[in-house]
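Engineer: So that we are looking at the same thing, I have put the structure below in structure tokens.
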Amino acid sequence: MMAMLFLRRLASALPVLALVLVLVFALARIIPGDPAETTLGPGATSQQIAALRHEMKLDQPLAVQFTAYAGQVLHGDLGVSLKTHRPLREALAAKLPATIELAIAATVLALALAIPAALLAALNPGGWIDHALRVIAIAGVSLPAFLTALALQAVLGAWLDWLPVALRQSPWASMPPITGFAVVDALLRGRIDLLGDALAHLLLPALVLASFLAASFSRLLRASLIAVLQSPHVRAARARGLSRRAILLRHTLRNALVPTLPIIGIQFGDMLGGAILTETVFSWPGLGRLTVDAIHNRDYPAIQAATLVFAAIFILVSILIEMIALWLDPRLRKEGGA
Amino acid sequence: MNRRQALGCGLPLLSLSACKAGLALPRGDARTLAIAIPGEPAGIEPGTNLAEVIGSEVILNIFDTLVAWSSDEQTRMEPRLASAWQVSPDGLSWRFTLRPGIRFHDGTLLDAAAVRYALERGIAINSYFHATMTPLARIATPDAGTVEFHLSHPVPYFPALLAQPQAAIVSPSAVRARGKDFARAPIGTGPFRFLSQEPDVALTLAANPAYFRGRAWLDRLVYQVIAAPSTRRMMLEAGEIDLCHQVGQLAALSVEDVSALRRNPALRVIEAPSQILRQLEFNNRLTHGPTADLRVRQAIAHAVDADGLAQRIMGGTVDRAYGPLPTANWAFDPAQKTRAPAYDPARARNLLTQAGFAPGQLSLDLITFTGTLWTTVATFLQANLAEAGIHVAIEQMEFPALRARHTQGQFALALDGRSPWFNDPDAHMSIGYLSSLATSAMTFRMPPDAALDRLILGAQSAPSQDKRRALYADLQAELTERVPAVYLFSNKVIAFASARLRNLRVGSTPPLTEYWQVAKA
């Protein structure tokens, strides 16, 4: 039944993707300036720009351009970058693992920080631990990512010299990718030095990305935990003489997690496409930077391909989160399957 | 054990042996040069590079051109693939003698046919190169060691065109064998071979052991993509990269960063004058309005404190400009230093009154690019002009929007500039001031002026360098009189390098560096 639901959700996502295709094609062309102008720079004459525009086929009617593009996409071809002249499928395939790896690391780190924090806070709401955690959470939500990133780089990287300032791996550790995930590749190669290098590079950007999620999620989970603590089954457990700690861990956490799942899902999806600042500051070769560069260069095919892939990932993550929620809470299955 | 290793051991998944084996490895071995670049190069072979800076530098290290700018002063050409060249008395044909026995990285021999093939291919597939080579009528190869270029009109600086990275010689057999893939794994004759490229991460070149001028000292060149300027600075300070160039506006470090790096003993800041020129230009096509009045333009020129801008605001990262040619140009006339309008706010106010504008009565719009550098300069000029009683409204926009506004002539003042790739006055003059080209690009939009046009074209094609120098001196004086712009400064080409690097010479015209002789202590 879950498989059926999954397929149904997937099918209903297709019109969304088609709409995204049309929208992004139009939006890319609404931005002032075109790739020919941007490529040639301030010194170029109008004739040179016209020649390049012709070469890039931008002088054809929009309808013709769109039909050609849509046909390409239907054949699974994302096109070729106007800047690098390389197939975009290759560029995206090279960047997706970096982005996914960072997003997973950040989410794991965020959960590892937020769940204990929420439990501690819910154990004694209004206590000094709760208040201290609230202050930290507010700081975590409100500090802009670039500020945290710069501070961490300057202190831990440049000044104390404990961690690398940026990049995904040291130049000496650069090897042809197996899966493209630096951590997984290091494990597959059985090279603990590569693993250490990959993790050392992963830590700071993951921490920056995790701070917002950890902060917001810990507050949400705390509230959810306290709400569940009021419910009848918890009162029954308490009547049986279980300690508050045991009740929290065994009878509350699972239930309290369900309503917070969509937040994790949305944040995770956001990280996959939107970790632009973090990726830029840490020179992390991910999807976010590809998108920014593409927009900056007016690289239409790249803007289109990145947006499409991002939309597809976002849809997929939403479906997966729904599946996890169903698995955690069987009561939802009836409504979800209906 | 240093601090980095100590932390490595603290990471939960690492054993002690990992610290020794992994994080303790040298950051870059002594024969690898790590160069930070702000973004991926666009086009690393002559056929696909449209004058993009990073790709051009890669090309100069993988390929060779027939002739090259001398690495010392960069004011004359030196032999490279060609050992000698001469021009016919009418200036219409250039004859280049090739050095014998040079081989491409794929082992094939470089001969006249290869040179002809490579250049004709470039003209056919590279629109930028095509536009620069319009004077070329045909290429002849009388024998395997000689190439002749026949031109439609004399171009005294023709060898400079052949020194462009886009004129580098590709291996014909590799182009034929690899087809479209040639652009991704190019084959030349240069001191380094293409090794690998990981998109948006790094580009690696390896030394060519059979290089005709001798093997490079370095084994590897690694171009590492580092997008954020602050990150580049910190990585340079942490010793994670060896070299970082100040390329382009977006990539540029702020003046404060430059000063901080200058104070760091582990780093060297290498500077060279360039052909770049930045100016506050008037919309010279306007036939009415305040700036159509010469006295208003003169007033604005006297209101601008160009020395203060270069020294205090730009912190010495630029050279002051005194006219339409930067001081580093071979045709720069030293008399311009006295001819250029001096900073004199009282005189500016006086001229404005003569033109009929009381203080505070004149308002002008100033358009320019986005970015901290441009903001700094624009606000400085705004303050200068306010002192003279002129109100300036600044509008900053992204390049495509700016280009549209500029070429359509919808502005009074524009903060703009030109970054020519070779040291010849014509690179500034023809495209900048020919009234026939006024609306074809971001030019000075000169009004129709047959005498001035004749002077520009005459100076462009005069046969001897001395004759050209004299004509350009006249031209500089003529232009200074017309005040088509207030000339501000010429950015220095700046490189930030580890103090361990030896023999690093930063190229300024074009702003590209060859790493053939660079060593690491």
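Chain lettering (A, B, ...) mirrors the order of the structure tokens, residue numbering begins at 1 for each chain separately, and ligand numbering begins at 1 in order of display.
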Give me, as a tab-separated table (two decimals) with N, CA and C atoms, in the first residue's frame, all polymer residues having an atom no more than 9 Å from Met314 (chain B), counting only C-alpha atoms and skipping those fewer than 5 positions away in the same chain.
Structural biologist:
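Written file, part-v3.tsv:
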```tsv
chain	number	residue	atom	x	y	z
B	255	VAL	N	40.11	47.00	-0.38
B	255	VAL	CA	41.37	47.72	-0.10
B	255	VAL	C	41.89	47.36	1.29
B	308	GLY	N	43.72	62.24	-4.51
B	308	GLY	CA	43.15	61.77	-3.26
B	308	GLY	C	42.49	60.42	-3.43
B	309	LEU	N	41.79	60.26	-4.56
B	309	LEU	CA	41.12	58.99	-4.84
B	309	LEU	C	42.13	57.85	-4.93
B	373	LEU	N	33.75	48.24	-4.79
B	373	LEU	CA	34.75	49.13	-5.38
B	373	LEU	C	34.07	50.31	-6.08
B	376	THR	N	32.43	52.72	-3.65
B	376	THR	CA	33.41	53.58	-3.00
B	376	THR	C	33.78	54.74	-3.91
B	377	VAL	N	34.11	54.42	-5.16
B	377	VAL	CA	34.54	55.46	-6.09
B	377	VAL	C	33.39	56.43	-6.37
```
Engineer: List the neighbours of Ile313 (chain A) out to 12 Å using only C-alpha atoms; skip same-chain residues closer than 6 positions along the sequence, and give me the result as number ranges by chain.
Structural biologist: A: 10, 13, 17, 96, 99-100, 265-266, 268-273, 287, 306-307, 319-320
Engineer: Near chain B, which residues of chain A fall within 7 Å when you count only C-alpha atoms, and what do they look like as a VMD selection string?
Structural biologist: chain A and resid 32 to 33 37 to 38 40 42 to 46 48 51 to 52 83 to 84 91 158 161 to 163 165 to 166 172 192 to 194 196 to 197 280 to 283 285
Engineer: What is the distance, in Å and to one decimal place, between CA of Val184 (chain A) and CA of Met2 (chain A)?
Structural biologist: 29.1 Å
Engineer: DSSP on the backbone, alpha helix (DSSP H) only: what residues of region 187-274 of chain B does that give? Format it as a ChimeraX atom specification.
Structural biologist: /B:229-237,255-263
Engineer: What is the CA of Arg240 (chain A) to CA of Ser224 (chain A) distance in Å?
Structural biologist: 22.6 Å
Engineer: Between B:Arg482, B:His302, B:Arg193, B:His391, which has the minimum distance to Phe444 (chain B) (counting only C-alpha atoms)?
Structural biologist: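 So, comparing all the options, the nearest one is B:Arg482.
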Engineer: Which polymer residues have any atom within 12 Å of an atom of Ile303 (chain A), counting only C-alpha atoms, with same-chain residues fewer than 6 positions away left out, as a PyMOL selection string?
Structural biologist: chain A and resi 20-21+23-29+31+35+78-83+88+92+287-297+309-310
Engineer: With C-alpha atoms kept, could you save the residues just selected as a PDB file, in the first residue's frame?
Structural biologist:
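Contents of again.pdb, freshly written:
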```pdb
ATOM      1  CA  VAL A  20       8.321  24.536 -13.095  1.00  0.00           C
ATOM      2  CA  LEU A  21       9.805  23.928 -16.532  1.00  0.00           C
ATOM      3  CA  LEU A  23       8.081  29.085 -15.307  1.00  0.00           C
ATOM      4  CA  VAL A  24      11.840  28.834 -15.068  1.00  0.00           C
ATOM      5  CA  PHE A  25      12.234  29.052 -18.838  1.00  0.00           C
ATOM      6  CA  ALA A  26      10.284  32.301 -18.793  1.00  0.00           C
ATOM      7  CA  LEU A  27      11.830  33.700 -15.601  1.00  0.00           C
ATOM      8  CA  ALA A  28      15.400  33.138 -16.782  1.00  0.00           C
ATOM      9  CA  ARG A  29      14.664  35.249 -19.834  1.00  0.00           C
ATOM     10  CA  ILE A  31      16.173  38.866 -16.002  1.00  0.00           C
ATOM     11  CA  PRO A  35      24.307  35.240 -21.811  1.00  0.00           C
ATOM     12  CA  LEU A  78      19.393  18.703 -19.526  1.00  0.00           C
ATOM     13  CA  GLY A  79      21.412  20.549 -22.162  1.00  0.00           C
ATOM     14  CA  VAL A  80      24.870  22.061 -22.248  1.00  0.00           C
ATOM     15  CA  SER A  81      26.144  24.987 -20.163  1.00  0.00           C
ATOM     16  CA  LEU A  82      26.617  28.134 -22.248  1.00  0.00           C
ATOM     17  CA  LYS A  83      29.596  29.092 -20.103  1.00  0.00           C
ATOM     18  CA  LEU A  88      24.784  19.916 -17.436  1.00  0.00           C
ATOM     19  CA  LEU A  92      24.827  18.376 -11.702  1.00  0.00           C
ATOM     20  CA  LEU A 287      24.036  22.866  -6.268  1.00  0.00           C
ATOM     21  CA  GLY A 288      23.502  26.242  -4.588  1.00  0.00           C
ATOM     22  CA  ARG A 289      26.669  27.716  -6.005  1.00  0.00           C
ATOM     23  CA  LEU A 290      25.980  26.275  -9.411  1.00  0.00           C
ATOM     24  CA  THR A 291      22.613  28.040  -9.386  1.00  0.00           C
ATOM     25  CA  VAL A 292      24.053  31.384  -8.299  1.00  0.00           C
ATOM     26  CA  ASP A 293      26.811  31.219 -10.897  1.00  0.00           C
ATOM     27  CA  ALA A 294      24.271  30.274 -13.539  1.00  0.00           C
ATOM     28  CA  ILE A 295      22.059  33.245 -12.709  1.00  0.00           C
ATOM     29  CA  HIS A 296      25.040  35.566 -12.579  1.00  0.00           C
ATOM     30  CA  ASN A 297      26.229  34.394 -16.005  1.00  0.00           C
ATOM     31  CA  VAL A 309      16.582  19.131 -10.368  1.00  0.00           C
ATOM     32  CA  PHE A 310      15.957  21.141  -7.220  1.00  0.00           C
TER      33      PHE A 310
END
```
Engineer: Measure the distance from CA of Glu395 (chain B) to CA of Ile367 (chain B) in Å and round it to one decimal.
Structural biologist: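 CA of Ile367 (chain B) lies 4.8 Å from CA of Glu395 (chain B).
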